[in-house]
>>> print(open('my_file.cif').read())   # mmCIF, C-alpha atoms and all ligand atoms
data_final
loop_
_atom_site.label_atom_id
_atom_site.label_comp_id
_atom_site.auth_asym_id
_atom_site.auth_seq_id
_atom_site.Cartn_x
_atom_site.Cartn_y
_atom_site.Cartn_z
CA MET A 26 41.65 -60.62 13.55
CA THR A 27 38.81 -60.65 11.12
CA ASP A 28 36.15 -63.26 10.88
CA ILE A 29 36.73 -64.90 7.54
CA SER A 30 34.45 -67.86 7.93
CA THR A 31 31.69 -69.23 10.01
CA SER A 32 32.48 -72.64 11.36
CA SER A 33 29.28 -72.97 13.35
CA ASP A 34 28.40 -76.04 11.28
CA LEU A 35 31.71 -77.79 12.10
CA THR A 36 31.07 -80.28 14.83
CA LEU A 37 33.19 -82.56 16.94
CA ARG A 38 32.32 -85.98 18.36
CA VAL A 39 33.47 -86.12 21.97
CA GLY A 40 33.58 -89.49 23.75
CA LEU A 41 32.07 -88.97 27.22
CA LEU A 42 31.67 -91.79 29.69
CA CYS A 43 31.76 -95.52 29.08
CA ALA A 44 29.72 -97.66 31.51
CA PRO A 45 27.29 -100.63 31.61
CA ALA A 46 24.42 -98.16 32.22
CA ILE A 47 24.21 -94.40 31.66
CA THR A 48 21.68 -92.02 33.22
CA ILE A 49 20.83 -88.81 31.38
CA GLU A 50 18.49 -85.98 32.33
CA PHE A 51 17.25 -84.17 29.20
CA HIS A 52 16.34 -80.48 29.39
CA GLY A 53 14.77 -78.03 26.96
CA GLY A 54 13.66 -80.39 24.19
CA TYR A 55 15.23 -83.52 22.63
CA THR A 56 13.92 -85.97 20.03
CA ASP A 57 15.02 -89.51 19.24
CA ASP A 58 15.55 -91.10 15.80
CA TYR A 59 11.82 -91.55 15.31
CA GLY A 60 11.11 -87.89 16.08
CA ARG A 61 9.60 -88.78 19.43
CA SER A 62 10.10 -86.23 22.16
CA ILE A 63 12.34 -87.32 25.01
CA ASP A 64 12.38 -85.52 28.33
CA GLY A 65 13.21 -86.06 32.00
CA THR A 66 15.61 -88.65 33.43
CA VAL A 67 16.26 -91.91 31.57
CA THR A 68 18.71 -94.74 32.30
CA PHE A 69 20.07 -96.54 29.24
CA ASP A 70 21.84 -99.88 28.99
CA ARG A 71 23.53 -101.95 26.30
CA ARG A 72 20.19 -102.63 24.55
CA ASP A 73 20.03 -98.90 23.74
CA ALA A 74 23.24 -98.92 21.64
CA GLY A 75 22.67 -97.08 18.36
CA ARG A 76 20.12 -94.61 19.72
CA ARG A 77 20.57 -90.92 18.97
CA PHE A 78 19.09 -87.83 20.61
CA ARG A 79 18.92 -84.47 18.87
CA CYS A 80 18.51 -81.12 20.57
CA THR A 81 15.57 -79.13 19.24
CA THR A 82 16.39 -75.68 20.63
CA ALA A 83 19.54 -73.63 21.28
CA GLU A 84 18.78 -73.93 24.99
CA SER A 85 18.58 -77.75 25.00
CA TYR A 86 21.15 -79.53 27.15
CA ALA A 87 21.52 -82.81 28.98
CA THR A 88 22.90 -83.61 32.41
CA VAL A 89 24.86 -86.85 32.52
CA ARG A 90 25.06 -88.61 35.88
CA ASP A 91 28.24 -90.02 37.43
CA VAL A 92 30.79 -88.90 34.84
CA VAL A 93 34.27 -90.06 35.87
CA ILE A 94 36.83 -87.24 35.64
CA GLY A 95 40.60 -87.25 36.22
CA ILE A 96 40.85 -90.93 35.24
CA GLY A 97 43.95 -92.49 36.78
CA PHE A 98 44.91 -89.34 38.71
CA HIS A 99 44.59 -88.84 42.47
CA TRP A 100 41.68 -86.41 41.92
CA GLU A 101 39.59 -89.02 40.07
CA GLN A 102 35.91 -88.58 41.01
CA ARG A 103 32.35 -89.02 39.77
CA ILE A 104 30.22 -85.94 39.19
CA ASP A 105 27.12 -84.90 37.23
CA LEU A 106 27.98 -82.77 34.18
CA SER A 107 25.83 -80.90 31.67
CA TYR A 108 26.52 -80.71 27.94
CA PRO A 109 24.95 -78.90 24.96
CA GLY A 110 24.39 -80.49 21.55
CA ASP A 111 23.35 -83.95 20.35
CA PHE A 112 24.01 -87.37 21.89
CA GLU A 113 24.54 -90.89 20.65
CA LEU A 114 24.93 -94.23 22.43
CA ILE A 115 27.26 -96.83 20.94
CA ALA A 116 28.27 -100.31 22.02
CA GLU A 117 31.83 -100.70 23.32
CA GLY A 118 33.74 -103.84 24.29
CA ASP A 119 33.14 -105.57 27.66
CA GLY A 120 29.38 -104.98 27.50
CA ASN A 121 29.76 -101.24 28.02
CA LEU A 122 27.86 -98.37 26.48
CA ARG A 123 29.67 -95.22 25.28
CA LEU A 124 27.99 -91.82 25.30
CA ILE A 125 29.08 -89.50 22.50
CA ASN A 126 28.35 -85.76 22.51
CA THR A 127 28.27 -83.98 19.15
CA VAL A 128 29.01 -80.33 19.80
CA SER A 129 30.07 -77.31 17.73
CA ILE A 130 33.82 -76.80 17.70
CA GLU A 131 33.48 -73.21 18.92
CA GLU A 132 31.36 -74.28 21.90
CA TYR A 133 33.87 -77.04 22.71
CA LEU A 134 36.78 -74.56 22.58
CA CYS A 135 34.98 -72.13 24.93
CA SER A 136 34.66 -74.90 27.48
CA VAL A 137 38.20 -76.33 27.28
CA ILE A 138 40.07 -73.00 27.08
CA SER A 139 38.03 -71.55 29.96
CA SER A 140 39.21 -74.41 32.14
CA GLU A 141 42.87 -74.02 31.01
CA MET A 142 43.28 -70.26 31.20
CA SER A 143 42.86 -67.66 33.90
CA ALA A 144 40.28 -64.86 33.56
CA ASP A 145 43.03 -62.23 33.56
CA ALA A 146 45.04 -63.62 30.63
CA SER A 147 45.67 -61.05 27.89
CA PRO A 148 43.34 -61.09 24.85
CA ALA A 149 46.39 -61.68 22.60
CA LEU A 150 47.36 -64.85 24.51
CA LEU A 151 43.78 -66.14 24.54
CA GLU A 152 43.33 -65.50 20.82
CA ALA A 153 46.63 -67.21 19.95
CA HIS A 154 45.64 -70.17 22.13
CA ALA A 155 42.18 -70.32 20.54
CA VAL A 156 43.79 -70.64 17.08
CA ILE A 157 46.21 -73.40 18.07
CA SER A 158 43.60 -75.32 20.07
CA ARG A 159 41.21 -75.12 17.11
CA SER A 160 43.98 -76.32 14.78
CA TRP A 161 44.55 -79.27 17.13
CA VAL A 162 40.86 -80.17 17.25
CA ILE A 163 40.50 -80.05 13.46
CA ALA A 164 43.60 -82.26 13.16
CA GLN A 165 41.84 -84.85 15.36
CA ILE A 166 38.76 -84.78 13.13
CA LEU A 167 40.88 -85.20 10.00
CA ALA A 168 42.89 -88.04 11.57
CA HIS A 169 39.62 -89.77 12.37
CA LYS A 170 38.15 -89.21 8.89
CA HIS A 171 41.38 -90.39 7.29
CA PRO A 172 42.82 -93.08 9.54
CA GLY A 173 45.65 -93.62 7.07
CA SER A 174 46.98 -90.19 7.96
CA CYS A 175 47.06 -90.96 11.68
CA ARG A 176 50.41 -90.03 13.14
CA CYS A 177 50.30 -92.32 16.15
CA ASN A 178 53.42 -94.29 16.66
CA PRO A 179 53.50 -95.31 20.29
CA ASN A 180 56.37 -97.49 21.41
CA ARG A 181 57.55 -98.16 17.93
CA PRO A 182 61.25 -97.85 17.14
CA GLU A 183 62.17 -95.10 14.70
CA SER A 184 64.45 -97.36 12.73
CA ALA A 185 66.07 -100.73 13.16
CA ALA A 186 67.46 -99.75 16.54
CA GLU A 187 70.47 -101.66 17.81
CA LYS A 188 69.95 -104.06 20.66
CA SER A 189 71.57 -101.65 23.08
CA GLU A 190 69.11 -98.88 22.23
CA ILE A 191 65.68 -98.32 23.75
CA ILE A 192 64.01 -95.60 21.69
CA ARG A 193 60.34 -94.81 22.31
CA TRP A 194 58.02 -91.93 21.90
CA TRP A 195 54.39 -91.31 22.54
CA ASP A 196 52.35 -89.17 20.20
CA ARG A 197 48.67 -88.42 20.21
CA GLN A 198 46.67 -91.59 19.94
CA ASP A 199 43.63 -91.75 17.80
CA HIS A 200 40.29 -92.76 19.24
CA ASP A 201 38.38 -95.31 17.15
CA THR A 202 34.78 -94.24 17.50
CA PHE A 203 34.99 -90.51 18.23
CA ASP A 204 37.33 -87.55 17.60
CA VAL A 205 38.49 -86.68 21.14
CA CYS A 206 37.81 -87.93 24.65
CA ALA A 207 36.66 -85.57 27.41
CA ASP A 208 39.45 -86.30 29.89
CA ASP A 209 43.05 -85.11 30.34
CA HIS A 210 44.29 -87.60 27.73
CA CYS A 211 42.95 -85.23 25.04
CA GLN A 212 41.68 -82.03 26.66
CA ARG A 213 39.47 -81.82 29.71
CA TYR A 214 35.93 -81.01 28.51
CA GLN A 215 33.18 -80.42 31.05
CA GLY A 216 30.63 -78.87 28.70
CA LEU A 217 28.34 -76.27 30.24
CA SER A 218 29.51 -77.25 33.73
CA GLN A 219 32.72 -75.31 33.13
CA ALA A 220 31.81 -71.63 33.66
CA HIS A 221 32.70 -69.86 30.44
CA ASN A 222 35.31 -67.15 31.02
CA PRO A 223 33.92 -64.06 29.20
CA ARG A 224 37.37 -63.15 27.87
CA VAL A 225 37.74 -66.64 26.41
CA VAL A 226 34.32 -66.29 24.77
CA GLU A 227 35.54 -63.01 23.19
CA ALA A 228 38.82 -64.59 22.02
CA ILE A 229 36.99 -67.54 20.44
CA ALA A 230 34.63 -65.12 18.68
CA ALA A 231 37.51 -62.90 17.49
CA THR A 232 39.27 -65.89 15.87
CA ARG A 233 36.12 -67.74 14.86
CA GLY A 234 36.87 -70.61 12.47
CA LEU A 235 40.56 -69.72 12.04
CA VAL A 236 43.37 -72.29 11.99
CA LEU A 237 47.05 -72.21 10.99
CA THR A 238 48.23 -73.57 7.65
CA ASP A 239 51.65 -73.79 6.01
CA SER A 240 52.72 -72.59 2.54
CA LYS A 241 51.11 -75.66 0.93
CA GLY A 242 47.82 -75.05 2.70
CA THR A 243 48.34 -78.00 5.07
CA LEU A 244 47.05 -77.70 8.61
CA VAL A 245 49.92 -76.86 10.99
CA ASP A 246 50.48 -79.38 13.77
CA ALA A 247 50.25 -76.59 16.35
CA ARG A 248 52.08 -78.06 19.32
CA PHE A 249 52.67 -76.17 22.56
CA SER A 250 54.45 -76.72 25.85
CA LYS A 251 54.84 -74.87 29.15
CA CYS A 252 58.31 -73.32 28.78
CA CYS A 253 60.81 -73.80 25.96
CA GLY A 254 63.80 -72.78 28.10
CA GLY A 255 64.81 -70.02 25.68
CA ALA A 256 64.98 -72.06 22.46
CA THR A 257 62.37 -74.08 20.60
CA GLU A 258 62.80 -77.72 19.63
CA LEU A 259 62.19 -79.55 16.34
CA PHE A 260 59.40 -82.10 15.93
CA GLY A 261 61.76 -84.99 15.11
CA THR A 262 63.63 -84.69 18.42
CA CYS A 263 60.45 -85.64 20.27
CA TRP A 264 58.42 -87.66 17.75
CA SER A 265 58.81 -89.19 14.30
CA GLU A 266 61.76 -87.98 12.20
CA GLN A 267 59.87 -88.98 9.05
CA GLU A 268 57.58 -85.98 9.26
CA HIS A 269 58.47 -82.54 8.01
CA HIS A 270 56.77 -79.53 9.58
CA GLU A 271 57.88 -76.32 7.91
CA CYS A 272 56.27 -74.04 10.53
CA LEU A 273 57.89 -75.77 13.51
CA GLN A 274 61.38 -74.32 13.50
CA ALA A 275 64.37 -73.90 15.78
CA LEU A 276 64.34 -70.36 17.10
CA ALA A 277 65.38 -68.26 20.05
CA ASP A 278 62.33 -67.33 22.15
CA SER A 279 63.19 -63.63 21.97
CA PRO A 280 62.61 -60.59 19.74
CA HIS A 281 65.57 -61.91 17.69
CA PRO A 282 64.56 -65.50 16.96
CA GLU A 283 67.45 -65.95 14.51
CA ARG A 284 70.03 -65.40 17.27
CA LEU A 285 70.12 -69.01 18.36
CA PRO A 286 73.42 -70.72 19.14
CA ASP A 287 73.83 -74.27 17.84
CA LEU A 288 72.79 -76.16 20.97
CA ARG A 289 73.27 -79.58 19.38
CA GLY A 290 76.95 -79.43 20.42
CA GLU A 291 77.87 -80.29 24.02
CA ALA A 292 79.97 -77.21 24.83
CA GLU A 293 77.40 -74.76 23.47
CA ALA A 294 74.52 -76.65 25.13
CA ALA A 295 76.30 -76.56 28.51
CA ARG A 296 77.00 -72.83 28.21
CA TRP A 297 73.35 -72.18 27.37
CA ILE A 298 71.75 -74.44 29.96
CA GLU A 299 74.06 -73.42 32.80
CA SER A 300 73.51 -69.70 32.17
CA ARG A 301 70.30 -67.69 32.05
CA PRO A 302 69.96 -66.17 28.57
CA ASP A 303 67.28 -63.51 28.15
CA ALA A 304 64.12 -64.87 26.56
CA PHE A 305 60.41 -64.13 26.59
CA CYS A 306 59.99 -67.00 29.05
CA SER A 307 63.09 -66.29 31.19
CA ASN A 308 61.61 -64.04 33.84
CA PRO A 309 57.80 -64.07 34.00
CA SER A 310 56.08 -62.20 36.82
CA ALA A 311 53.86 -64.09 39.26
CA ALA A 312 50.86 -62.41 37.60
CA THR A 313 51.92 -63.73 34.17
CA LEU A 314 52.41 -67.25 35.54
CA ARG A 315 48.91 -67.18 36.98
CA GLN A 316 47.56 -66.74 33.43
CA VAL A 317 48.78 -70.11 32.23
CA LEU A 318 49.49 -72.27 35.28
CA LYS A 319 46.87 -73.96 37.38
CA GLY A 320 47.04 -73.42 41.14
CA TYR A 321 49.09 -76.53 41.86
CA ASP A 322 51.58 -75.70 39.09
CA GLN A 323 52.27 -72.23 40.49
CA GLN A 324 54.17 -73.71 43.43
CA THR A 325 57.10 -74.29 41.10
CA THR A 326 58.51 -71.18 39.51
CA ASP A 327 62.08 -72.31 38.76
CA PHE A 328 61.41 -74.17 35.52
CA TYR A 329 63.34 -71.83 33.22
CA ARG A 330 66.53 -73.12 34.83
CA TRP A 331 66.33 -75.93 37.40
CA THR A 332 68.53 -78.39 39.30
CA VAL A 333 67.76 -81.95 40.36
CA THR A 334 70.22 -83.79 42.61
CA TRP A 335 70.05 -87.59 42.64
CA ASP A 336 71.59 -89.90 45.18
CA ALA A 337 73.30 -92.29 42.70
CA GLU A 338 72.03 -95.39 44.48
CA LYS A 339 68.45 -94.11 44.35
CA LEU A 340 68.84 -93.22 40.67
CA SER A 341 70.10 -96.75 39.90
CA GLU A 342 67.00 -98.13 41.63
CA ASN A 343 64.73 -95.69 39.80
CA ILE A 344 66.16 -96.76 36.43
CA ARG A 345 65.71 -100.43 37.38
CA LEU A 346 62.06 -99.82 38.32
CA ARG A 347 61.12 -97.58 35.42
CA LEU A 348 63.07 -99.31 32.66
CA PRO A 349 63.79 -102.89 33.83
CA GLU A 350 64.97 -103.97 30.37
CA ALA A 351 67.92 -101.54 30.58
CA ARG A 352 69.81 -103.85 33.04
CA ILE A 353 72.76 -101.51 33.59
CA GLY A 354 73.20 -102.17 37.33
CA ARG A 355 74.81 -99.44 39.39
CA ILE A 356 74.87 -96.13 37.51
CA ARG A 357 78.26 -94.69 36.65
CA SER A 358 77.50 -91.98 34.12
CA LEU A 359 74.91 -90.31 31.88
CA THR A 360 76.13 -89.05 28.51
CA ALA A 361 74.24 -87.06 25.88
CA VAL A 362 74.64 -88.86 22.53
CA LYS A 363 72.39 -86.56 20.51
CA ARG A 364 70.83 -83.22 21.30
CA GLY A 365 68.16 -81.21 19.51
CA THR A 366 68.08 -77.52 18.65
CA SER A 367 66.92 -76.46 22.14
CA GLY A 368 69.62 -78.52 23.86
CA ARG A 369 67.06 -81.23 24.68
CA ILE A 370 68.68 -84.66 24.71
CA GLU A 371 67.18 -87.02 22.14
CA ARG A 372 69.49 -89.93 22.90
CA LEU A 373 71.16 -90.51 26.27
CA ARG A 374 73.73 -93.20 27.14
CA LEU A 375 73.34 -94.77 30.59
CA THR A 376 76.54 -96.50 31.68
CA GLY A 377 76.50 -98.80 34.71
CA SER A 378 78.27 -101.67 36.45
CA ASP A 379 76.48 -104.29 34.29
CA GLY A 380 76.55 -102.60 30.90
CA GLU A 381 75.30 -99.64 28.97
CA VAL A 382 72.25 -98.66 26.97
CA VAL A 383 71.17 -95.69 24.88
CA ILE A 384 67.65 -94.44 25.61
CA GLY A 385 65.38 -91.92 23.87
CA LYS A 386 63.39 -89.95 22.99
CA GLU A 387 62.94 -86.98 25.26
CA LEU A 388 59.84 -88.24 27.11
CA LEU A 389 61.39 -91.64 27.90
CA ILE A 390 64.50 -89.86 29.22
CA ARG A 391 62.31 -87.66 31.43
CA LYS A 392 60.40 -90.68 32.76
CA VAL A 393 63.51 -92.72 33.54
CA LEU A 394 65.36 -89.91 35.34
CA SER A 395 62.51 -88.93 37.63
CA GLU A 396 59.96 -90.46 39.96
CA SER A 397 57.29 -88.79 37.79
CA HIS A 398 58.57 -86.61 34.93
CA LEU A 399 61.72 -84.54 34.77
CA TYR A 400 60.84 -81.00 33.63
CA SER A 401 62.65 -81.50 30.32
CA SER A 402 65.47 -83.44 28.68
CA ALA A 403 67.58 -80.27 28.22
CA PHE A 404 70.13 -80.82 30.96
CA THR A 405 73.80 -81.16 31.73
CA VAL A 406 75.21 -83.77 34.10
CA ARG A 407 77.70 -83.18 36.93
CA TYR A 408 79.00 -85.73 39.45
CA ASP A 409 80.01 -85.50 43.07
CA GLY A 410 81.61 -87.70 45.77
CA PHE A 411 83.41 -90.52 43.93
CA ASP A 412 84.10 -93.79 45.77
CA ALA A 413 87.23 -95.98 45.47
CA ASP A 414 85.80 -97.72 42.36
CA GLY A 415 85.14 -94.42 40.63
CA TYR A 416 81.34 -94.41 41.03
CA PRO A 417 79.78 -91.07 41.93
CA SER A 418 77.59 -90.81 45.03
CA ARG A 419 75.57 -87.91 43.66
CA ILE A 420 74.48 -87.02 40.13
CA ILE A 421 73.41 -83.43 39.54
CA LEU A 422 71.22 -82.45 36.58
CA HIS A 423 71.11 -78.76 35.63
CA GLY A 424 68.22 -78.24 33.24
CA ALA A 425 66.28 -75.77 31.11
CA GLY A 426 62.57 -75.49 30.32
CA TRP A 427 59.42 -77.48 30.98
CA GLY A 428 57.93 -79.84 28.40
CA HIS A 429 58.98 -80.79 24.87
CA GLY A 430 59.64 -77.22 23.68
CA VAL A 431 58.09 -77.71 20.22
CA GLY A 432 55.83 -74.93 18.86
CA LEU A 433 54.32 -72.31 21.14
CA CYS A 434 55.94 -71.64 24.53
CA GLN A 435 52.98 -70.86 26.83
CA ILE A 436 55.01 -68.80 29.32
CA GLY A 437 56.75 -66.91 26.48
CA ALA A 438 53.42 -66.27 24.74
CA ALA A 439 51.88 -64.98 27.99
CA VAL A 440 54.82 -62.56 28.40
CA MET A 441 54.52 -61.44 24.75
CA GLY A 442 50.82 -60.73 25.34
CA GLU A 443 51.69 -58.66 28.43
CA GLN A 444 54.29 -56.73 26.44
CA GLY A 445 51.71 -55.67 23.85
CA TYR A 446 52.34 -58.17 21.04
CA SER A 447 49.17 -59.07 19.13
CA SER A 448 47.92 -62.63 18.73
CA ALA A 449 49.01 -62.55 15.07
CA GLN A 450 52.55 -61.55 16.14
CA ILE A 451 52.65 -64.29 18.79
CA LEU A 452 51.59 -66.93 16.23
CA ALA A 453 54.05 -65.57 13.62
CA HIS A 454 56.86 -65.81 16.19
CA TYR A 455 56.25 -69.44 17.19
CA PHE A 456 54.96 -70.73 13.82
CA PRO A 457 57.01 -68.79 11.24
CA GLY A 458 55.44 -68.73 7.79
CA ALA A 459 52.06 -69.99 9.02
CA LYS A 460 48.91 -68.33 7.68
CA LEU A 461 45.49 -67.95 9.25
CA THR A 462 43.01 -69.92 7.18
CA SER A 463 39.34 -70.80 7.47
CA ALA A 464 38.87 -74.24 9.00
CA THR A 465 35.96 -74.94 6.66
CA GLU A 466 38.32 -74.53 3.67
CA ILE A 467 40.70 -77.11 5.17
CA ILE A 468 37.94 -79.63 5.81
CA LYS A 469 36.50 -79.15 2.31
CA SER A 470 39.91 -79.60 0.68
CA VAL A 471 40.68 -83.05 2.14
ZN ZN B 501 41.72 -88.88 24.34
ZN ZN B 502 60.05 -69.97 25.85
#
>>> encode(input="my_file.cif", output="structure tokens", more="lines below")
Ligand SMILES: [Zn+2]
Ligand SMILES: [Zn+2]
Amino acid sequence: MTDISTSSDLTLRVGLLCAPAITIEFHGGYTDDYGRSIDGTVTFDRRDAGRRFRCTTAESYATVRDVVIGIGFHWEQRIDLSYPGDFELIAEGDGNLRLINTVSIEEYLCSVISSEMSADASPALLEAHAVISRSWVIAQILAHKHPGSCRCNPNRPESAAEKSEIIRWWDRQDHDTFDVCADDHCQRYQGLSQAHNPRVVEAIAATRGLVLTDSKGTLVDARFSKCCGGATELFGTCWSEQEHHECLQALADSPHPERLPDLRGEAEAARWIESRPDAFCSNPSAATLRQVLKGYDQQTTDFYRWTVTWDAEKLSENIRLRLPEARIGRIRSLTAVKRGTSGRIERLRLTGSDGEVVIGKELLIRKVLSESHLYSSAFTVRYDGFDADGYPSRIILHGAGWGHGVGLCQIGAAVMGEQGYSSAQILAHYFPGAKLTSATEIIKSV
């Protein structure tokens, strides 16, 4: 790819920690708003809200004490982390102070992609990922500059849903006072503390400033998930149906993307999900998986096709705990009401001893049918061991893929990179019709 712009002046405001007091150790030269030099270790409190600190050299950085990482996960901990760029303190609710780091987008991408990707990932995969991650970051900046264009719609019904329907989805939520947070909610950003993978640095440089746009020049909402299961999904199956995304299409994840059966029908979906069609993501080697899966994710390798067996009594209890408003009692059956182009179920009817309810969209279905998250909502349902009243004792889900399946399939893209496809070919496969455009052009045009 050629460098068609320099985006070194594009910066991102990252929300770091929020605490009553924040301790920062400044290194290599910083000045405050009055041009006074600031150095060494300083502890700030609420009275310092509004203060800003600018770096004066390319080597300047600051070490922030006691940053909480992995918020809400079992690995939550406090560590000291170092960041490049400028800093700002703002007042937050509850008497807290928020530290904001203003950093160049390219520097930010080096840090976050280095922590996501293995050092032996192919250059094509890393370059494709750099472009979609940059597109995502720019979308966050634009959403923040133009709050009216924010696409958040958490927990809001798509339409006037009937009483017997519980339809929810969760899309990216906007932050009020900065573009992205530094934790897993957005993308984990540990600044200079994350060793920069040299191959990631090269991939960022090779795609410097490039994002994906559609035929109208609009930034592509470059979504990605772990494994599509052989077919990609449409945006509206997972999130708002009101939005049209011309570069997010239904396609087979293979060299012949047009050869996709219509998986919206039950019979075709069952044939697809219960077989093992050839796809880029159908048979990755352990070495390919290591490129895109963290250590703990590599323990599970059966996500292209998977089976989950529920004891029906336990499933009834799980539904009661995870969706108390459903009130269906003892589960009798699960029926797909509407499927998307990858076979993912968008609306699922739960029928039980006390009534029935239709739930959606795919993420709610995955939450309700698992103790954490089901791999995907592309599954068929089989029953086993009926009692005298006709209730099954076991419910077996045969499924396909991991994640929502919209946009780039990370496993498929890793395999394409191994097979010699270029980053441009990988992006053209998953985002048909998308063009590489300079991010600075996009920002100027809005
Ligand atoms: Zn966030
Ligand atoms: Zn795939």
>>> atom_distance(input="my_file.cif", atom1="CA of Ile163 in chain A", atom2="CA of Phe249 in chain A")
15.7 Å
>>> residues_around(input="my_file.cif", residues="range 408-423 of chain A", least_positions_apart="6", cutoff="12 Å", atoms="only C-alpha atoms", output="VMD selection string")
chain A and resid 294 to 301 327 to 341 354 to 360 368 to 369 376 to 378 391 394 to 395 399 to 402
>>> closest_atom_pairs(input="my_file.cif", of="chain A", to="ligand ZN 502 (chain B)", cutoff="12 Å", atoms="all atoms listed in the file", output="tab-separated table")
residue	atom	partner	partner_atom	distance
A:Phe249	CA	B:ZN502	ZN	10.2
A:Ser250	CA	B:ZN502	ZN	8.8
A:Lys251	CA	B:ZN502	ZN	7.9
A:Cys252	CA	B:ZN502	ZN	4.8
A:Cys253	CA	B:ZN502	ZN	3.9
A:Gly254	CA	B:ZN502	ZN	5.2
A:Gly255	CA	B:ZN502	ZN	4.8
A:Ala256	CA	B:ZN502	ZN	6.3
A:Thr257	CA	B:ZN502	ZN	7.1
A:Glu258	CA	B:ZN502	ZN	10.3
A:Ala275	CA	B:ZN502	ZN	11.6
A:Leu276	CA	B:ZN502	ZN	9.8
A:Ala277	CA	B:ZN502	ZN	8.1
A:Asp278	CA	B:ZN502	ZN	5.1
A:Ser279	CA	B:ZN502	ZN	8.1
A:Pro280	CA	B:ZN502	ZN	11.5
A:Pro282	CA	B:ZN502	ZN	10.9
A:Pro302	CA	B:ZN502	ZN	11.0
A:Asp303	CA	B:ZN502	ZN	10.0
A:Ala304	CA	B:ZN502	ZN	6.6
A:Phe305	CA	B:ZN502	ZN	5.9
A:Cys306	CA	B:ZN502	ZN	4.4
A:Ser307	CA	B:ZN502	ZN	7.2
A:Asn308	CA	B:ZN502	ZN	10.1
A:Pro309	CA	B:ZN502	ZN	10.3
A:Phe328	CA	B:ZN502	ZN	10.6
A:Tyr329	CA	B:ZN502	ZN	8.3
A:Arg330	CA	B:ZN502	ZN	11.5
A:Ser367	CA	B:ZN502	ZN	10.2
A:Ala425	CA	B:ZN502	ZN	10.0
A:Gly426	CA	B:ZN502	ZN	7.5
A:Trp427	CA	B:ZN502	ZN	9.1
A:Gly428	CA	B:ZN502	ZN	10.4
A:His429	CA	B:ZN502	ZN	10.9
A:Gly430	CA	B:ZN502	ZN	7.6
A:Val431	CA	B:ZN502	ZN	9.8
A:Gly432	CA	B:ZN502	ZN	9.6
A:Leu433	CA	B:ZN502	ZN	7.8
A:Cys434	CA	B:ZN502	ZN	4.6
A:Gln435	CA	B:ZN502	ZN	7.2
A:Ile436	CA	B:ZN502	ZN	6.2
A:Gly437	CA	B:ZN502	ZN	4.5
A:Ala438	CA	B:ZN502	ZN	7.7
A:Ala439	CA	B:ZN502	ZN	9.8
A:Val440	CA	B:ZN502	ZN	9.4
A:Met441	CA	B:ZN502	ZN	10.2
A:Ile451	CA	B:ZN502	ZN	11.7
A:His454	CA	B:ZN502	ZN	11.0
A:Tyr455	CA	B:ZN502	ZN	9.5
>>> write_last_selection(input="my_file.cif", atoms="C-alpha atoms", output="compact mmCIF listing (two decimals), in the frame of the given file")
# COMPACT_ATOMS: atom_id res chain seq x y z
CA PHE A 249 52.67 -76.17 22.56
CA SER A 250 54.45 -76.72 25.85
CA LYS A 251 54.84 -74.87 29.15
CA CYS A 252 58.31 -73.32 28.78
CA CYS A 253 60.81 -73.80 25.96
CA GLY A 254 63.80 -72.78 28.10
CA GLY A 255 64.81 -70.02 25.68
CA ALA A 256 64.98 -72.06 22.46
CA THR A 257 62.37 -74.08 20.60
CA GLU A 258 62.80 -77.72 19.63
CA ALA A 275 64.37 -73.90 15.78
CA LEU A 276 64.34 -70.36 17.10
CA ALA A 277 65.38 -68.26 20.05
CA ASP A 278 62.33 -67.33 22.15
CA SER A 279 63.19 -63.63 21.97
CA PRO A 280 62.61 -60.59 19.74
CA PRO A 282 64.56 -65.50 16.96
CA PRO A 302 69.96 -66.17 28.57
CA ASP A 303 67.28 -63.51 28.15
CA ALA A 304 64.12 -64.87 26.56
CA PHE A 305 60.41 -64.13 26.59
CA CYS A 306 59.99 -67.00 29.05
CA SER A 307 63.09 -66.29 31.19
CA ASN A 308 61.61 -64.04 33.84
CA PRO A 309 57.80 -64.07 34.00
CA PHE A 328 61.41 -74.17 35.52
CA TYR A 329 63.34 -71.83 33.22
CA ARG A 330 66.53 -73.12 34.83
CA SER A 367 66.92 -76.46 22.14
CA ALA A 425 66.28 -75.77 31.11
CA GLY A 426 62.57 -75.49 30.32
CA TRP A 427 59.42 -77.48 30.98
CA GLY A 428 57.93 -79.84 28.40
CA HIS A 429 58.98 -80.79 24.87
CA GLY A 430 59.64 -77.22 23.68
CA VAL A 431 58.09 -77.71 20.22
CA GLY A 432 55.83 -74.93 18.86
CA LEU A 433 54.32 -72.31 21.14
CA CYS A 434 55.94 -71.64 24.53
CA GLN A 435 52.98 -70.86 26.83
CA ILE A 436 55.01 -68.80 29.32
CA GLY A 437 56.75 -66.91 26.48
CA ALA A 438 53.42 -66.27 24.74
CA ALA A 439 51.88 -64.98 27.99
CA VAL A 440 54.82 -62.56 28.40
CA MET A 441 54.52 -61.44 24.75
CA ILE A 451 52.65 -64.29 18.79
CA HIS A 454 56.86 -65.81 16.19
CA TYR A 455 56.25 -69.44 17.19
>>> residues_near_ligand(input="my_file.cif", ligand="ligand ZN 501 (chain B)", cutoff="10 Å", atoms="only C-alpha atoms and all ligand atoms", output="list in words")
Val39, Gly40, Gln165, Arg197, Gln198, Asp199, His200, Phe203, Asp204, Val205, Cys206, Ala207, Asp208, Asp209, His210, Cys211, Gln212 and Arg213 of chain A
>>> atom_distance(input="my_file.cif", atom1="CA of Ser218 in chain A", atom2="CA of Tyr55 in chain A")
19.1 Å
